[in-house]
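Asker: First, the structure itself, so that you have it in front of you.
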Number of protein chains: 2
Amino acid sequence: MATLADVARRAGVSPATASRIISGSTKLVTDELRARVLRAVDELQYVPNAHAQLLARAQRTAVGVIVHDVSDPYFAEITRGLQQVATAHGRLVIICNSYRNPARELEYVELLRAQQVAAIVLAGSGYHDAAFTKALKGKLAAYTRTGGRVSVIGRHELPGDAVMPANEEGGYLAGAELFGGGHRKVGVIAGPRVLTTTTDRLAGLRRAAREFGRTVPARRIVYAGFDRDGGAEATAALLDASPDLTAIVALNDSMAVGALSTLRERGIAVPERISLIGFDDMPIARDVTPALSTVRLPLAEMGARAMSLALDNGGGGASRTEPVPAVLVRRASIQPALSR
Amino acid sequence: MATLADVARRAGVSPATASRIISGSTKLVTDELRARVLRAVDELQYVPNAHAQLLARAQRTAVGVIVHDVSDPYFAEITRGLQQVATAHGRLVIICNSYRNPARELEYVELLRAQQVAAIVLAGSGYHDAAFTKALKGKLAAYTRTGGRVSVIGRHELPGDAVMPANEEGGYLAGAELFGGGHRKVGVIAGPRVLTTTTDRLAGLRRAAREFGRTVPARRIVYAGFDRDGGAEATAALLDASPDLTAIVALNDSMAVGALSTLRERGIAVPERISLIGFDDMPIARDVTPALSTVRLPLAEMGARAMSLALDNGGGGASRTEPVPAVLVRRASIQPALSR
DNA sequence: GGGGTTCAGGAAACCGCTTTCCTGAGGCTA
DNA sequence: TAGCCTCAGGAAAGCGGTTTCCTGAACCCC
């Protein structure tokens, strides 16, 4: 690998001059030397060693992102927003998939710290797990103490700025739509109960139930993996336990898609016999049959805002929270309960 | 940010000793000192500066990946395979989204070179663009010359190892299924014609047509964006131009999903009036209605193999090519042509 | 008890770049 | 012509680690 010294030697100048020309310092250099250096760069196909640059300059330029899994459409959308803002600021993004493994999440914080990232964005590590939260808090504190910026998406007890999707409100909207439509026996297929996303959405649903004089008994809630297959399994379990449901709420769209497949298998018409409503409004929601009613969260925008918060440290100590509203999207998968 | 020197000072040892303890050198150190150093590390929340380490050690550890867009399910799957293998080897992966912009792709090669990655995996930059290919070739050559490893997914005229999905064969399978089923007027919605993926799949389709004494005239091929919306538009155009089609081949599943939505909008029954077949077998294919017949490519495995090739340099100069077979997956979206 | 090993720990060079500080040449004014 | 500025370019000191090489103490044997 050609080094700056090689370039300087070839151009017959000092490394200092070469460096100034290559990385565009403000210092003046004659056109003559400039041309010689640039030619040498070209001939040697020289590319500066980014690590050496980072070490020499004080400034940290990359930013880190910890998500569950970029392949998951929910996080893919968020990541898109994150990337877009980062790129606009000329920042390289390092993406880490935690696969919802707390230990791995902690490791990644270390790794990002080691990489000297300017900021860390945590998308979705809102766990109900005191020990983990404490450990994470500690690691992040060590990071922020040395000037690192942190922003999170979702509810946490973590320091730093936050983007807060209206999960509770969204749950309420879904519930109000169903209970308001006369449904009495509403089942829920939920993600892991350790996630604040799950519990918040569920809380909203319960609030809606109360408001309409209903309840969501525990036996009508099935917890499973927050993905398609989890949704399929949970739906099967739910139908077995409560065959008389008239509506199902899936706490995310992936689960809803799984639910749809189980319902189809069992020959249960949607929405005629069972109404189904999802959450997130991922792109697929429009393309399944029947098209999925859901609660939309502007995922890409959430990512963009989280990155913006992380990059501009206007916060000045006080941590900022940006609420993100949820809106109900009505499609073909729901209908009012049949009056009887 | 605490440095190694800080740790050493606090533990009352030399930086050399501290380094040896922290990064687990083979050199023996007394338990007494080890304990003191580890305590200091803990108290200072010390994390070694990865860039300094990289500079000091010779070994490059990260690997780079250039894809079109990780949010795109096709690349998301491939990336999953890539990541899995990389993580198993303890490698950090830097993912770059080129958004099919050749200039950006070239830039990213430079960037990855600057980051001193051990290998670069190019997923899907097979363009019919001589100037670009030449430039890319040059940059990659400069990289491999200094010991960098390159592997590509898809057809290129690039140096290095390659994973070759059977695009032509897959196109043939789709075509054979349709023409063999008696379809005569088959339309194609295709991705950008500069992509080798597009032209290869199309070539296979044409071979199948020939074999069954048919053709795929240019007027029944519409090129558009390789995504859902492109598929929707292309389908509309295709139907307007050739209302008498009995089958449509989408050159990837995203386009097929878009096609489905246009067909649904226009009240055209699938497969009764028009059969539809996709390509890739992305997860959604099972979940649309009717379930999509498609040509399966083992995307995650392709990613895994590309990463394996990149990481083990057993090649010894000669570049290896690993073919990946395509298989037809029959689902509800196709049926034989109505005999008349 | 002297000489040779063995071995834990430290000094210092080095990785590749940036940047401060210094030097010396040229141009200006008096 | 002397003295002072200005300014292009170079020397060298880091940035934060790793690792080679060296030192000195403890141990061994005869």
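Chains: A, B, ... in order of the structure tokens. Residues: from 1 per chain. Ligands: from 1, in order shown.
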Residues of chain B that have any atom at most 7 Å from an atom of chain D: could you tabulate them with the shortest-distance atom pair and the distance in Å to one decimal, using only C-alpha atoms (C1' of nucleotides), ordered by chain and increasing number, as a tab-separated table?

Answerer:
residue	atom	partner	partner_atom	distance
B:Thr3	CA	D:DG16	C1'	6.8
B:Asn49	CA	D:DG16	C1'	6.7
B:Ala52	CA	D:DG17	C1'	4.9
B:Gln53	CA	D:DG17	C1'	5.2
B:Ala56	CA	D:DT18	C1'	5.4
B:Arg57	CA	D:DT18	C1'	6.2

Asker: Keeping C-alpha atoms, export the residues of the selection given above as a short mmCIF file (atom, residue, chain, number, x, y, z; two decimals), in the first residue's frame.

Answerer:
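The result, written out as out10.cif:
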data_model
loop_
_atom_site.label_atom_id
_atom_site.label_comp_id
_atom_site.auth_asym_id
_atom_site.auth_seq_id
_atom_site.Cartn_x
_atom_site.Cartn_y
_atom_site.Cartn_z
CA THR B 3 -5.73 6.25 26.72
CA ASN B 49 -8.69 3.10 20.16
CA ALA B 52 -4.54 3.22 16.73
CA GLN B 53 -4.60 -0.54 17.01
CA ALA B 56 0.08 -0.38 14.94
CA ARG B 57 -0.82 -3.92 14.02
#

Asker: Can you list, as a list in words, every protein, DNA or RNA residue that comes within 7 Å of His68 of chain B when you count only C-alpha atoms (C1' of nucleotides), leaving out same-chain residues fewer than 2 positions away?

Answerer: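 Close residues of His68 of chain B: Ile66, Val70, Asn97, Ser98, Tyr99, Arg100 and Gly124 of chain B.
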
Asker: Report as a list in words the set of chain B residues whose atoms approach chain C to within 8 Å, with distances computed over only C-alpha atoms (C1' of nucleotides).

Answerer: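 Those within range of chain C come out as Ser14, Ala16, Thr17, Leu28, Val29, Thr30, Leu55, Ala56, Arg57 and Ala58 of chain B.
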
Asker: Set out as a Markdown table a contact list for chain A and chain B with a cut-off of 6 Å, giving each residue of chain A that qualifies its closest atom pair and distance in Å to one decimal, counting only C-alpha atoms, ordered by chain and rising residue number.

Answerer:
| residue | atom | partner | partner_atom | distance |
| --- | --- | --- | --- | --- |
| A:Met1 | CA | B:Thr146 | CA | 5.3 |
| A:Val47 | CA | B:Ala114 | CA | 5.8 |
| A:Pro48 | CA | B:Ala114 | CA | 5.8 |
| A:Asn49 | CA | B:Ala114 | CA | 4.9 |
| A:Ala50 | CA | B:Ala114 | CA | 5.0 |
| A:His51 | CA | B:His51 | CA | 4.9 |
| A:Ser71 | CA | B:Ala76 | CA | 4.8 |
| A:Ala76 | CA | B:Ser71 | CA | 4.8 |
| A:Ala114 | CA | B:Asn49 | CA | 4.9 |
| A:Gln115 | CA | B:Ala50 | CA | 5.3 |
| A:Thr146 | CA | B:Met1 | CA | 5.3 |
| A:Val288 | CA | B:Val288 | CA | 4.8 |
| A:Thr289 | CA | B:Thr289 | CA | 5.6 |

Asker: Residues of the last selection are to be written out with C-alpha atoms, as a PDB file, in the first residue's frame.

Answerer:
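Result file result27.pdb:
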ATOM      1  CA  MET A   1       0.000   0.000   0.000  1.00  0.00           C
ATOM      2  CA  VAL A  47      -5.500   6.622  -0.982  1.00  0.00           C
ATOM      3  CA  PRO A  48      -4.837   8.060   2.485  1.00  0.00           C
ATOM      4  CA  ASN A  49      -5.094   5.603   5.351  1.00  0.00           C
ATOM      5  CA  ALA A  50      -8.327   6.598   7.050  1.00  0.00           C
ATOM      6  CA  HIS A  51      -7.194   5.284  10.404  1.00  0.00           C
ATOM      7  CA  SER A  71     -33.027  -7.041   7.080  1.00  0.00           C
ATOM      8  CA  ALA A  76     -34.626  -1.250   7.185  1.00  0.00           C
ATOM      9  CA  ALA A 114     -13.415   1.908  20.075  1.00  0.00           C
ATOM     10  CA  GLN A 115     -14.160   3.068  16.552  1.00  0.00           C
ATOM     11  CA  THR A 146     -15.865  11.890  26.567  1.00  0.00           C
ATOM     12  CA  VAL A 288     -51.265  -8.498   1.037  1.00  0.00           C
ATOM     13  CA  THR A 289     -54.839  -9.583   0.501  1.00  0.00           C
TER      14      THR A 289
END

Asker: As an exercise, work out the distance from atom CA of Asp6 of chain B to atom CA of Glu43 of chain B in Å and give it to one decimal place.

Answerer: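 Going from atom CA of Asp6 of chain B over to atom CA of Glu43 of chain B, I get 11.0 Å.
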
Asker: Segment 210-286 of chain A: which residues are alpha helix (DSSP H) by DSSP, as a list in words?

Answerer: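 Selection result, alpha helix (DSSP H) within segment 210-286 of chain A: Arg210, Glu211, Arg228, Asp229, Gly230, Gly231, Ala232, Glu233, Ala234, Thr235, Ala236, Ala237, Leu238, Leu239, Asp240, Ala241, Asp253, Ser254, Met255, Ala256, Val257, Gly258, Ala259, Leu260, Ser261, Thr262, Leu263, Arg264 and Glu265 of chain A.
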
Asker: Would you list the contacts of segment 160-173 of chain B as a list in words, taking every protein, DNA or RNA residue within 7 Å and counting only C-alpha atoms (C1' of nucleotides), but skipping same-chain residues closer than 6 positions in sequence?

Answerer: Val150, Ser151, Val152, Ile153, Gly154, Thr197, Asp200, Arg201, Leu202, Ala203, Gly204, Leu205, Arg207, Ala208, Val295, Met302, Ala306, Leu309, Ser319, Arg320, Thr321, Glu322, Pro323, Val324, Pro325, Ala326, Val327 and Leu328 of chain B

Asker: Could you save those same residues with N, CA and C atoms as a PDB file, in the first residue's frame?

Answerer:
ATOM      1  N   VAL B 150     -11.131  -9.450  -3.357  1.00  0.00           N
ATOM      2  CA  VAL B 150     -12.383  -8.972  -3.931  1.00  0.00           C
ATOM      3  C   VAL B 150     -13.241 -10.166  -4.296  1.00  0.00           C
ATOM      4  N   SER B 151     -14.533 -10.094  -3.978  1.00  0.00           N
ATOM      5  CA  SER B 151     -15.421 -11.097  -4.535  1.00  0.00           C
ATOM      6  C   SER B 151     -16.697 -10.403  -4.983  1.00  0.00           C
ATOM      7  N   VAL B 152     -17.300 -10.936  -6.019  1.00  0.00           N
ATOM      8  CA  VAL B 152     -18.482 -10.288  -6.582  1.00  0.00           C
ATOM      9  C   VAL B 152     -19.636 -11.273  -6.659  1.00  0.00           C
ATOM     10  N   ILE B 153     -20.828 -10.719  -6.609  1.00  0.00           N
ATOM     11  CA  ILE B 153     -22.013 -11.544  -6.811  1.00  0.00           C
ATOM     12  C   ILE B 153     -22.620 -11.108  -8.129  1.00  0.00           C
ATOM     13  N   GLY B 154     -22.759 -12.019  -9.047  1.00  0.00           N
ATOM     14  CA  GLY B 154     -23.332 -11.680 -10.343  1.00  0.00           C
ATOM     15  C   GLY B 154     -22.263 -11.590 -11.411  1.00  0.00           C
ATOM     16  N   THR B 197     -28.031  -8.635 -14.699  1.00  0.00           N
ATOM     17  CA  THR B 197     -29.101  -9.456 -14.134  1.00  0.00           C
ATOM     18  C   THR B 197     -30.316  -9.425 -15.051  1.00  0.00           C
ATOM     19  N   ASP B 200     -29.466 -11.148 -18.532  1.00  0.00           N
ATOM     20  CA  ASP B 200     -29.277 -12.595 -18.424  1.00  0.00           C
ATOM     21  C   ASP B 200     -30.616 -13.305 -18.244  1.00  0.00           C
ATOM     22  N   ARG B 201     -31.432 -12.766 -17.371  1.00  0.00           N
ATOM     23  CA  ARG B 201     -32.730 -13.399 -17.139  1.00  0.00           C
ATOM     24  C   ARG B 201     -33.554 -13.384 -18.425  1.00  0.00           C
ATOM     25  N   LEU B 202     -33.461 -12.273 -19.112  1.00  0.00           N
ATOM     26  CA  LEU B 202     -34.188 -12.120 -20.366  1.00  0.00           C
ATOM     27  C   LEU B 202     -33.683 -13.111 -21.410  1.00  0.00           C
ATOM     28  N   ALA B 203     -32.382 -13.308 -21.424  1.00  0.00           N
ATOM     29  CA  ALA B 203     -31.790 -14.235 -22.398  1.00  0.00           C
ATOM     30  C   ALA B 203     -32.330 -15.644 -22.179  1.00  0.00           C
ATOM     31  N   GLY B 204     -32.452 -16.036 -20.918  1.00  0.00           N
ATOM     32  CA  GLY B 204     -32.971 -17.360 -20.613  1.00  0.00           C
ATOM     33  C   GLY B 204     -34.415 -17.504 -21.069  1.00  0.00           C
ATOM     34  N   LEU B 205     -35.151 -16.452 -20.835  1.00  0.00           N
ATOM     35  CA  LEU B 205     -36.558 -16.417 -21.247  1.00  0.00           C
ATOM     36  C   LEU B 205     -36.667 -16.611 -22.753  1.00  0.00           C
ATOM     37  N   ARG B 207     -34.507 -18.016 -24.703  1.00  0.00           N
ATOM     38  CA  ARG B 207     -34.104 -19.359 -25.078  1.00  0.00           C
ATOM     39  C   ARG B 207     -35.304 -20.296 -24.928  1.00  0.00           C
ATOM     40  N   ALA B 208     -36.020 -20.131 -23.823  1.00  0.00           N
ATOM     41  CA  ALA B 208     -37.202 -20.979 -23.612  1.00  0.00           C
ATOM     42  C   ALA B 208     -38.213 -20.744 -24.734  1.00  0.00           C
ATOM     43  N   VAL B 295     -38.950 -17.869  -9.365  1.00  0.00           N
ATOM     44  CA  VAL B 295     -37.731 -18.642  -9.522  1.00  0.00           C
ATOM     45  C   VAL B 295     -36.874 -18.365  -8.296  1.00  0.00           C
ATOM     46  N   MET B 302     -26.059 -17.122  -1.131  1.00  0.00           N
ATOM     47  CA  MET B 302     -25.168 -16.435  -2.064  1.00  0.00           C
ATOM     48  C   MET B 302     -24.280 -15.453  -1.320  1.00  0.00           C
ATOM     49  N   ALA B 306     -20.232 -15.654  -1.011  1.00  0.00           N
ATOM     50  CA  ALA B 306     -19.391 -14.544  -1.471  1.00  0.00           C
ATOM     51  C   ALA B 306     -18.436 -14.112  -0.364  1.00  0.00           C
ATOM     52  N   LEU B 309     -15.678 -16.705   0.087  1.00  0.00           N
ATOM     53  CA  LEU B 309     -14.664 -16.551  -0.950  1.00  0.00           C
ATOM     54  C   LEU B 309     -13.740 -15.387  -0.617  1.00  0.00           C
ATOM     55  N   SER B 319      -8.958 -16.991 -10.243  1.00  0.00           N
ATOM     56  CA  SER B 319     -10.203 -16.574  -9.621  1.00  0.00           C
ATOM     57  C   SER B 319     -11.240 -17.681  -9.756  1.00  0.00           C
ATOM     58  N   ARG B 320     -11.903 -17.920  -8.647  1.00  0.00           N
ATOM     59  CA  ARG B 320     -12.873 -19.013  -8.573  1.00  0.00           C
ATOM     60  C   ARG B 320     -14.274 -18.499  -8.878  1.00  0.00           C
ATOM     61  N   THR B 321     -15.059 -19.343  -9.460  1.00  0.00           N
ATOM     62  CA  THR B 321     -16.447 -18.975  -9.734  1.00  0.00           C
ATOM     63  C   THR B 321     -17.358 -20.051  -9.163  1.00  0.00           C
ATOM     64  N   GLU B 322     -18.288 -19.651  -8.313  1.00  0.00           N
ATOM     65  CA  GLU B 322     -19.212 -20.622  -7.747  1.00  0.00           C
ATOM     66  C   GLU B 322     -20.601 -20.408  -8.323  1.00  0.00           C
ATOM     67  N   PRO B 323     -21.061 -21.362  -9.091  1.00  0.00           N
ATOM     68  CA  PRO B 323     -22.395 -21.235  -9.662  1.00  0.00           C
ATOM     69  C   PRO B 323     -23.446 -21.497  -8.588  1.00  0.00           C
ATOM     70  N   VAL B 324     -24.554 -20.804  -8.673  1.00  0.00           N
ATOM     71  CA  VAL B 324     -25.659 -21.018  -7.745  1.00  0.00           C
ATOM     72  C   VAL B 324     -26.899 -21.332  -8.569  1.00  0.00           C
ATOM     73  N   PRO B 325     -27.484 -22.491  -8.359  1.00  0.00           N
ATOM     74  CA  PRO B 325     -28.614 -22.900  -9.189  1.00  0.00           C
ATOM     75  C   PRO B 325     -29.897 -22.151  -8.842  1.00  0.00           C
ATOM     76  N   ALA B 326     -30.777 -22.078  -9.830  1.00  0.00           N
ATOM     77  CA  ALA B 326     -32.093 -21.468  -9.628  1.00  0.00           C
ATOM     78  C   ALA B 326     -33.127 -22.582  -9.714  1.00  0.00           C
ATOM     79  N   VAL B 327     -34.157 -22.514  -8.905  1.00  0.00           N
ATOM     80  CA  VAL B 327     -35.203 -23.532  -9.020  1.00  0.00           C
ATOM     81  C   VAL B 327     -36.564 -22.865  -9.109  1.00  0.00           C
ATOM     82  N   LEU B 328     -37.434 -23.493  -9.856  1.00  0.00           N
ATOM     83  CA  LEU B 328     -38.766 -22.934 -10.037  1.00  0.00           C
ATOM     84  C   LEU B 328     -39.632 -23.280  -8.835  1.00  0.00           C
TER      85      LEU B 328
END

Asker: For segment 221-223 of chain A, find every residue with an atom within 8 Å (counting only C-alpha atoms (C1' of nucleotides)), except residues of its own chain fewer than 4 positions away, and show them as a VMD selection string.

Answerer: chain A and resid 187 to 193 216 to 217 234 to 235 237 to 238
